[in-house]
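> Sharing a structure below in structure tokens format, with a few things to ask.
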Amino acid sequence: MNAVLFSADTWPGLADGTITRTFRRWRRAQVRAGGRYRVGGLLLAVDDVHLVRVGDLTREDAAAAGEPDLAALHRRLAGRGAPPAADDQVWRVDLRCVGPDDRIALRQDDDLGSEEVRGLRARLDRLDRASPYGPWTRTVLRQVAERPGVVSTELAQEAGRERMAYKADVRKLKALGLTESLPVGYRLSPRGAALLAALGEG
């Protein structure tokens, strides 16, 4: 759930189903009902998204959000800013864990048959054709393979790219199971390394 960040202390509650709700002070909804999002190695499904008044929040809401009481929920909503007023509206997101992040198993699958290689090559070609700055997928895969753990700012500079656009492209490769994020930078997954080798670029 890139659109909804959760602190690591909430991941166990998300996994075991004790956290089934979150509240966000967004200007507009950042997730949609029926959508699935990845957080902390988990795959979360959003069942409902709607606006509620802060003054209408209850202790049950706080418990469903993993907070010990309503005051703690208000503090989390405040973050580093001013506490929300009773008439302020926040987005209520009802969600559930449906299992582990499906990309984790995908990244480990390096037994690529010829048909799967053709399919992945076609996916990369489509990403290249859709790019406003020309083909990039093989270049980024090779760069990540050669420079694992290097900060994205440096990788983007080397590639002559703007950092946020570069990171967005790496996320597209990650969605295909080809790269993995590290505390700093990235590395190829076993699947990504196998694909590069199959393409004759590993």
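Ligands are numbered from 1 in the order shown, residues from 1 within each chain, and chains are lettered A, B, ... in the order they appear in the structure tokens.
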Residues of range 12-138 of chain A in strand (DSSP E or B) according to DSSP, as a PyMOL selection string?
chain A and resi 21-24+36-39+42-53+89-100
> Please build the interface table for range 75-137 of chain A against range 29-44 of chain A with a cut-off of 12 Å, listing for each qualifying residue the nearest atom pair and the distance in Å to one decimal; count only C-alpha atoms, order rows by chain and increasing number, and write it as a tab-separated table.

```
residue	atom	partner	partner_atom	distance
A:Gln89	CA	A:Ala29	CA	11.9
A:Val90	CA	A:Ala29	CA	9.6
A:Trp91	CA	A:Ala29	CA	7.0
A:Arg92	CA	A:Ala29	CA	9.5
A:Val93	CA	A:Val31	CA	8.4
A:Asp94	CA	A:Ala33	CA	8.6
A:Leu95	CA	A:Leu44	CA	6.6
A:Arg96	CA	A:Leu44	CA	5.6
A:Cys97	CA	A:Leu44	CA	4.5
A:Val98	CA	A:Leu44	CA	5.8
A:Gly99	CA	A:Leu43	CA	5.5
A:Pro100	CA	A:Leu42	CA	4.3
A:Asp101	CA	A:Leu42	CA	4.5
A:Asp102	CA	A:Leu43	CA	7.1
A:Arg103	CA	A:Gly41	CA	8.7
A:Ile104	CA	A:Gly41	CA	7.5
A:Ala105	CA	A:Gly41	CA	10.5
```
> Considering only C-alpha atoms, can you say which of A:Gln157, A:Ser7, A:Ser114, A:Ser189 comes closest to Leu141 in chain A?
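Closest candidate: A:Ser189.
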> What parts of chain A does DSSP call alpha helix (DSSP H)? I'd like the answer as number ranges by chain.
A: 11-16, 59-64, 70-78, 102-108, 114-130, 137-146, 152-158, 163-175, 190-198
> Generate a file of the selected residues that holds C-alpha atoms, formatted as a compact mmCIF listing (two decimals), in the first residue's frame.

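Output (result.txt):
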```
# COMPACT_ATOMS: atom_id res chain seq x y z
CA TRP A 11 2.64 -4.68 10.90
CA PRO A 12 2.00 -7.54 13.38
CA GLY A 13 -1.50 -6.19 14.04
CA LEU A 14 -2.19 -5.92 10.34
CA ALA A 15 -0.95 -9.48 9.84
CA ASP A 16 -3.01 -11.05 12.63
CA ARG A 59 -13.01 3.93 21.24
CA GLU A 60 -13.93 1.06 18.92
CA ASP A 61 -12.41 3.02 16.03
CA ALA A 62 -9.23 3.55 18.06
CA ALA A 63 -8.99 -0.17 18.89
CA ALA A 64 -9.56 -1.17 15.25
CA LEU A 70 -9.16 7.67 21.46
CA ALA A 71 -6.58 10.17 22.70
CA ALA A 72 -3.81 8.09 21.16
CA LEU A 73 -5.68 8.00 17.84
CA HIS A 74 -6.02 11.80 17.95
CA ARG A 75 -2.28 12.11 18.63
CA ARG A 76 -1.49 9.89 15.66
CA LEU A 77 -3.75 11.97 13.45
CA ALA A 78 -2.02 15.14 14.64
CA ASP A 102 2.87 -11.80 -3.59
CA ARG A 103 5.95 -10.13 -5.06
CA ILE A 104 8.21 -11.75 -2.45
CA ALA A 105 7.61 -15.26 -3.81
CA LEU A 106 7.74 -13.93 -7.36
CA ARG A 107 11.20 -12.41 -6.81
CA GLN A 108 12.58 -15.78 -5.76
CA SER A 114 11.36 -19.55 -22.72
CA GLU A 115 7.70 -18.51 -22.74
CA GLU A 116 8.08 -16.62 -19.47
CA VAL A 117 11.19 -14.87 -20.78
CA ARG A 118 9.27 -13.82 -23.89
CA GLY A 119 6.46 -12.48 -21.71
CA LEU A 120 8.82 -10.48 -19.52
CA ARG A 121 10.68 -9.16 -22.56
CA ALA A 122 7.37 -7.97 -23.97
CA ARG A 123 6.52 -6.25 -20.66
CA LEU A 124 9.86 -4.46 -20.67
CA ASP A 125 9.37 -3.44 -24.29
CA ARG A 126 5.97 -1.94 -23.44
CA LEU A 127 7.48 0.05 -20.57
CA ASP A 128 10.19 1.32 -22.92
CA ARG A 129 7.67 2.36 -25.58
CA ALA A 130 5.54 4.19 -23.02
CA THR A 137 14.42 -0.91 -18.63
CA ARG A 138 17.56 -2.86 -19.57
CA THR A 139 19.80 0.07 -18.63
CA VAL A 140 18.29 0.30 -15.15
CA LEU A 141 18.39 -3.47 -14.64
CA ARG A 142 22.08 -3.56 -15.56
CA GLN A 143 22.81 -0.55 -13.36
CA VAL A 144 21.10 -2.12 -10.35
CA ALA A 145 22.93 -5.40 -11.03
CA GLU A 146 26.30 -3.64 -11.15
CA SER A 152 19.03 6.23 -5.65
CA THR A 153 20.22 9.83 -5.92
CA GLU A 154 23.57 8.63 -7.24
CA LEU A 155 22.05 6.07 -9.57
CA ALA A 156 19.68 8.67 -11.02
CA GLN A 157 22.54 11.11 -11.60
CA GLU A 158 24.55 8.44 -13.39
CA ARG A 163 15.54 11.07 -8.88
CA MET A 164 11.79 10.66 -8.32
CA ALA A 165 11.17 9.58 -11.92
CA TYR A 166 14.04 7.11 -11.63
CA LYS A 167 12.62 5.64 -8.41
CA ALA A 168 9.19 5.35 -10.03
CA ASP A 169 10.72 3.32 -12.85
CA VAL A 170 12.53 1.02 -10.42
CA ARG A 171 9.18 0.41 -8.71
CA LYS A 172 7.79 -0.75 -12.07
CA LEU A 173 10.57 -3.31 -12.26
CA LYS A 174 9.89 -4.29 -8.65
CA ALA A 175 6.23 -4.92 -9.52
CA PRO A 190 17.00 -13.86 -8.31
CA ARG A 191 14.26 -13.51 -10.93
CA GLY A 192 15.79 -10.28 -12.26
CA ALA A 193 19.26 -11.83 -12.48
CA ALA A 194 17.85 -14.83 -14.32
CA LEU A 195 16.07 -12.58 -16.80
CA LEU A 196 19.18 -10.52 -17.50
CA ALA A 197 21.11 -13.72 -18.13
CA ALA A 198 18.38 -15.04 -20.41
```
> For each of A:Leu182, A:Ala86, A:Val4, A:Val151, take the minimum atom-to-atom distance to Val52 in chain A, counting only C-alpha atoms, then give the residue where this is smallest.
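That would be A:Ala86, the residue with the smallest distance to Val52 in chain A.
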> Just the number, please: distance in Å from CA of Pro135 in chain A to CA of Val184 in chain A, one decimal.
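For CA of Pro135 in chain A relative to CA of Val184 in chain A, the distance reads 25.1 Å.
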> Figure out the distance between CA of Thr10 in chain A and CA of Val150 in chain A, please, to one decimal in Å.
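It comes out at 28.5 Å.
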